[in-house]
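Reading through the structure tokens given below for one structure.
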Amino acid sequence: MTSLLRDVARYDHWATERVLAAVDPLPDADYRRDVGLFFKSVHGTLNHLLVAQRLWFRRFAFGESPRIELNAELESDRGRLRAALLEGCEAWGPLVDGLDASRLAGKLAYTNTRGQAMSLPFAPALLHVFNHGTHHRGQISAGITRLGHACPVLDMVAMLQSEAAACISV
């Protein structure tokens with residue numbers, strides 16, 4: 001299970017880098033325009049990804065349950081938001097590497113954003129975190145397309161193929 005989680009954490013980082021590279025050239029008006037995403041704009045959705053990273057990381061790493069609104073704007077500046085998202089992605093790898101079988105088989109106890117006590121199976125809840133990022137990166141990709149801009153391929157298989165090709169060429 002730890003190996004799978006490492007792969008998924010690595011994919012989360014890879015896909016986030018690719019989405020951010022596609023977002024970087026967007027004019028600010030397009031970046032902040034309501035394009036019908038759940039969190040309205042590309043900016044709003046990226047902020048939601050940062051909120052989710054911070055909520056879930058603190059739950060898994062420290063047993064804390066921060067109270068942050070899911071639509072909070074944690075970072076208004078594009079460059080700082082980008083840096084914070086990448087920093088958050090980088091933090092998951094060491095966390096996953098430090099998990100042992102008993103922790104993975106255990107429970108994650110936390111308080112949700114509405115103040116309700118929760119207890120979930122640890123490993124599936126951790127997989128949810130990465131799946132959640134995939135979901136919202138897909139929304140961002142749709143938003144970028146709706147704005148008339150190109151989007152990167154985000155399939156995990158594309159990452160695996162590029163890694164395999166890099167190994168062959170070395």
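So you can find residues: chains in the structure tokens are A, B, ... in the order shown, residues in each start at 1, and ligands are numbered from 1 in order.
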
- Message: Could you go through stretch 21-94 of chain A and tell me which residues DSSP, when run on the backbone, assigns to alpha helix (DSSP H), listing them as number ranges by chain?
- Response: A: 21-23, 28-32, 42-62, 78-94

Write a file of the selected residues as a compact mmCIF listing (two decimals), in the first residue's frame, keeping N, CA and C atoms.
# COMPACT_ATOMS: atom_id res chain seq x y z
N ALA A 21 1.50 25.02 -14.95
CA ALA A 21 2.19 25.49 -16.15
C ALA A 21 1.18 25.95 -17.21
N ALA A 22 0.03 25.29 -17.27
CA ALA A 22 -1.01 25.70 -18.22
C ALA A 22 -1.73 26.97 -17.74
N VAL A 23 -1.79 27.17 -16.45
CA VAL A 23 -2.45 28.34 -15.87
C VAL A 23 -1.56 29.59 -15.96
N ASP A 28 -4.86 37.64 -16.44
CA ASP A 28 -5.49 37.67 -15.12
C ASP A 28 -7.01 37.68 -15.22
N ALA A 29 -7.55 38.35 -16.22
CA ALA A 29 -9.02 38.39 -16.37
C ALA A 29 -9.57 36.98 -16.59
N ASP A 30 -8.90 36.18 -17.41
CA ASP A 30 -9.34 34.80 -17.65
C ASP A 30 -9.13 33.95 -16.40
N TYR A 31 -8.00 34.15 -15.75
CA TYR A 31 -7.65 33.39 -14.55
C TYR A 31 -8.70 33.56 -13.45
N ARG A 32 -9.25 34.76 -13.34
CA ARG A 32 -10.21 35.05 -12.28
C ARG A 32 -11.67 35.04 -12.74
N VAL A 42 -10.69 29.61 -12.18
CA VAL A 42 -9.44 28.85 -12.02
C VAL A 42 -8.81 29.25 -10.69
N HIS A 43 -8.76 30.55 -10.42
CA HIS A 43 -8.19 31.04 -9.16
C HIS A 43 -8.93 30.46 -7.95
N GLY A 44 -10.25 30.51 -7.97
CA GLY A 44 -11.04 29.99 -6.86
C GLY A 44 -10.81 28.50 -6.64
N THR A 45 -10.67 27.75 -7.73
CA THR A 45 -10.45 26.31 -7.63
C THR A 45 -9.05 26.01 -7.13
N LEU A 46 -8.06 26.76 -7.58
CA LEU A 46 -6.71 26.57 -7.05
C LEU A 46 -6.66 26.89 -5.56
N ASN A 47 -7.37 27.93 -5.13
CA ASN A 47 -7.43 28.23 -3.70
C ASN A 47 -8.10 27.10 -2.94
N HIS A 48 -9.15 26.52 -3.51
CA HIS A 48 -9.79 25.39 -2.85
C HIS A 48 -8.82 24.21 -2.72
N LEU A 49 -8.03 23.97 -3.75
CA LEU A 49 -7.02 22.91 -3.65
C LEU A 49 -6.05 23.18 -2.51
N LEU A 50 -5.67 24.43 -2.33
CA LEU A 50 -4.77 24.79 -1.23
C LEU A 50 -5.46 24.59 0.11
N VAL A 51 -6.72 24.98 0.22
CA VAL A 51 -7.48 24.76 1.45
C VAL A 51 -7.49 23.26 1.77
N ALA A 52 -7.83 22.45 0.78
CA ALA A 52 -7.92 21.00 1.00
C ALA A 52 -6.56 20.42 1.39
N GLN A 53 -5.50 20.86 0.72
CA GLN A 53 -4.15 20.39 1.09
C GLN A 53 -3.88 20.67 2.56
N ARG A 54 -4.14 21.87 2.97
CA ARG A 54 -3.82 22.28 4.35
C ARG A 54 -4.70 21.56 5.36
N LEU A 55 -5.97 21.44 5.06
CA LEU A 55 -6.87 20.70 5.97
C LEU A 55 -6.40 19.26 6.14
N TRP A 56 -6.29 18.58 5.01
CA TRP A 56 -6.00 17.15 5.07
C TRP A 56 -4.58 16.86 5.54
N PHE A 57 -3.62 17.65 5.14
CA PHE A 57 -2.25 17.38 5.58
C PHE A 57 -2.16 17.49 7.10
N ARG A 58 -2.75 18.52 7.65
CA ARG A 58 -2.69 18.68 9.11
C ARG A 58 -3.43 17.56 9.82
N ARG A 59 -4.50 17.07 9.22
CA ARG A 59 -5.21 15.93 9.81
C ARG A 59 -4.33 14.69 9.83
N PHE A 60 -3.71 14.40 8.70
CA PHE A 60 -2.89 13.18 8.60
C PHE A 60 -1.56 13.31 9.33
N ALA A 61 -0.91 14.44 9.22
CA ALA A 61 0.44 14.58 9.77
C ALA A 61 0.45 14.89 11.27
N PHE A 62 -0.50 15.68 11.72
CA PHE A 62 -0.43 16.19 13.09
C PHE A 62 -1.65 15.86 13.95
N ARG A 78 -1.18 35.21 -7.37
CA ARG A 78 -1.00 34.02 -8.21
C ARG A 78 0.32 33.32 -7.94
N GLY A 79 1.39 34.07 -7.87
CA GLY A 79 2.71 33.48 -7.67
C GLY A 79 2.84 32.79 -6.32
N ARG A 80 2.33 33.44 -5.30
CA ARG A 80 2.39 32.83 -3.96
C ARG A 80 1.47 31.61 -3.86
N LEU A 81 0.32 31.69 -4.52
CA LEU A 81 -0.59 30.54 -4.55
C LEU A 81 0.07 29.36 -5.23
N ARG A 82 0.72 29.61 -6.35
CA ARG A 82 1.43 28.56 -7.08
C ARG A 82 2.49 27.92 -6.19
N ALA A 83 3.30 28.75 -5.55
CA ALA A 83 4.37 28.25 -4.69
C ALA A 83 3.81 27.44 -3.52
N ALA A 84 2.72 27.91 -2.92
CA ALA A 84 2.12 27.20 -1.79
C ALA A 84 1.56 25.85 -2.22
N LEU A 85 0.95 25.79 -3.39
CA LEU A 85 0.42 24.51 -3.88
C LEU A 85 1.55 23.51 -4.12
N LEU A 86 2.63 23.95 -4.73
CA LEU A 86 3.74 23.04 -4.99
C LEU A 86 4.42 22.61 -3.69
N GLU A 87 4.55 23.53 -2.76
CA GLU A 87 5.12 23.19 -1.45
C GLU A 87 4.24 22.14 -0.76
N GLY A 88 2.94 22.31 -0.85
CA GLY A 88 2.02 21.34 -0.27
C GLY A 88 2.14 19.98 -0.91
N CYS A 89 2.27 19.94 -2.23
CA CYS A 89 2.45 18.66 -2.93
C CYS A 89 3.73 17.97 -2.48
N GLU A 90 4.78 18.74 -2.32
CA GLU A 90 6.08 18.17 -1.93
C GLU A 90 6.04 17.57 -0.52
N ALA A 91 5.18 18.07 0.32
CA ALA A 91 5.11 17.59 1.71
C ALA A 91 4.51 16.19 1.82
N TRP A 92 3.68 15.80 0.87
CA TRP A 92 3.01 14.50 0.97
C TRP A 92 3.97 13.33 0.85
N GLY A 93 4.98 13.42 0.00
CA GLY A 93 5.91 12.31 -0.20
C GLY A 93 6.57 11.85 1.09
N PRO A 94 7.23 12.75 1.83
CA PRO A 94 7.84 12.34 3.10
C PRO A 94 6.82 11.81 4.11

- Task: Would you mind listing what lies within 8 Å of stretch 122-131 of chain A as a list in words, with only C-alpha atoms counted and same-chain residues fewer than 6 positions away left out?
- Result: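 These residues fall inside the cut-off: Leu5, Val8, Ala9, Asp12, Ala52, Gln53, Trp56, Phe60, Arg103, Leu104, Ala105, Gly106, Lys107 and Leu108 of chain A.
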
Please produce a file of the residues just selected, as a CSV table (one decimal), in the first residue's frame, where the atoms kept are N, CA and C atoms.
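So result-v8.csv came out as:
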chain,number,residue,atom,x,y,z
A,5,LEU,N,0.7,4.5,-2.6
A,5,LEU,CA,0.5,5.8,-2.1
A,5,LEU,C,1.6,6.8,-2.5
A,8,VAL,N,0.9,7.6,-6.1
A,8,VAL,CA,-0.2,8.6,-6.2
A,8,VAL,C,0.2,10.0,-5.7
A,9,ALA,N,1.0,10.0,-4.7
A,9,ALA,CA,1.5,11.3,-4.2
A,9,ALA,C,2.4,11.9,-5.3
A,12,ASP,N,0.2,13.3,-8.0
A,12,ASP,CA,-0.4,14.5,-7.6
A,12,ASP,C,0.5,15.7,-7.8
A,52,ALA,N,-7.8,22.5,0.8
A,52,ALA,CA,-7.9,21.0,1.0
A,52,ALA,C,-6.6,20.4,1.4
A,53,GLN,N,-5.5,20.9,0.7
A,53,GLN,CA,-4.2,20.4,1.1
A,53,GLN,C,-3.9,20.7,2.6
A,56,TRP,N,-6.3,18.6,5.0
A,56,TRP,CA,-6.0,17.1,5.1
A,56,TRP,C,-4.6,16.9,5.5
A,60,PHE,N,-3.7,14.4,8.7
A,60,PHE,CA,-2.9,13.2,8.6
A,60,PHE,C,-1.6,13.3,9.3
A,103,ARG,N,-0.3,2.0,10.9
A,103,ARG,CA,-1.0,3.3,10.7
A,103,ARG,C,-1.9,3.2,9.5
A,104,LEU,N,-1.4,2.6,8.4
A,104,LEU,CA,-2.3,2.6,7.2
A,104,LEU,C,-3.5,1.8,7.4
A,105,ALA,N,-3.5,0.8,8.3
A,105,ALA,CA,-4.6,-0.1,8.5
A,105,ALA,C,-5.5,0.5,9.6
A,106,GLY,N,-5.1,1.6,10.2
A,106,GLY,CA,-5.9,2.2,11.3
A,106,GLY,C,-6.9,3.2,10.8
A,107,LYS,N,-7.3,4.1,11.7
A,107,LYS,CA,-8.3,5.1,11.5
A,107,LYS,C,-7.7,6.5,11.5
A,108,LEU,N,-8.4,7.4,10.8
A,108,LEU,CA,-8.1,8.8,10.9
A,108,LEU,C,-9.2,9.4,11.6

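DSSP secondary structure from the backbone places Leu37, Lys40, Lys107, Leu108, Ala109, Tyr110, Thr111, Ala117, Met118, Ser119, Leu120 and Pro121 of chain A of stretch 7-134 of chain A in strand (DSSP E or B).
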
- Task: For each of A:Ser65, A:Glu73, A:Pro25, A:Cys167, take the minimum atom-to-atom distance to A:Ala117, counting only C-alpha atoms, then give the residue where this is smallest.
- Result: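 Comparing A:Ser65, A:Glu73, A:Pro25, A:Cys167 against A:Ala117, the winner is A:Ser65.
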
As a PDB file with N, CA and C atoms, in the first residue's frame, please: the residues near A:Trp14 (cut-off 9 Å, only C-alpha atoms, same-chain neighbours under 3 positions excluded).
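Generated output (around19.pdb):
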ATOM      1  N   ALA A   9       1.007  10.031  -4.689  1.00  0.00           N
ATOM      2  CA  ALA A   9       1.525  11.328  -4.231  1.00  0.00           C
ATOM      3  C   ALA A   9       2.430  11.941  -5.305  1.00  0.00           C
ATOM      4  N   ARG A  10       3.249  11.113  -5.939  1.00  0.00           N
ATOM      5  CA  ARG A  10       4.124  11.590  -7.009  1.00  0.00           C
ATOM      6  C   ARG A  10       3.282  12.101  -8.188  1.00  0.00           C
ATOM      7  N   TYR A  11       2.229  11.364  -8.519  1.00  0.00           N
ATOM      8  CA  TYR A  11       1.329  11.798  -9.590  1.00  0.00           C
ATOM      9  C   TYR A  11       0.662  13.132  -9.234  1.00  0.00           C
ATOM     10  N   GLU A  17       1.923  20.351 -11.122  1.00  0.00           N
ATOM     11  CA  GLU A  17       2.906  21.145 -11.878  1.00  0.00           C
ATOM     12  C   GLU A  17       2.424  21.413 -13.296  1.00  0.00           C
ATOM     13  N   ARG A  18       1.850  20.399 -13.941  1.00  0.00           N
ATOM     14  CA  ARG A  18       1.379  20.551 -15.322  1.00  0.00           C
ATOM     15  C   ARG A  18       0.195  21.514 -15.416  1.00  0.00           C
ATOM     16  N   VAL A  19      -0.732  21.412 -14.480  1.00  0.00           N
ATOM     17  CA  VAL A  19      -1.867  22.340 -14.490  1.00  0.00           C
ATOM     18  C   VAL A  19      -1.378  23.761 -14.258  1.00  0.00           C
ATOM     19  N   CYS A  89       2.266  19.943  -2.227  1.00  0.00           N
ATOM     20  CA  CYS A  89       2.449  18.661  -2.934  1.00  0.00           C
ATOM     21  C   CYS A  89       3.727  17.972  -2.478  1.00  0.00           C
ATOM     22  N   LEU A 154      -3.234  15.056 -18.419  1.00  0.00           N
ATOM     23  CA  LEU A 154      -3.063  14.866 -16.982  1.00  0.00           C
ATOM     24  C   LEU A 154      -3.204  13.404 -16.559  1.00  0.00           C
ATOM     25  N   MET A 156      -2.496   9.778 -15.400  1.00  0.00           N
ATOM     26  CA  MET A 156      -1.387   9.182 -14.669  1.00  0.00           C
ATOM     27  C   MET A 156      -0.537   8.327 -15.598  1.00  0.00           C
ATOM     28  N   MET A 159       2.251  10.218 -17.113  1.00  0.00           N
ATOM     29  CA  MET A 159       3.391  10.365 -16.215  1.00  0.00           C
ATOM     30  C   MET A 159       4.230   9.092 -16.216  1.00  0.00           C
TER      31      MET A 159
END
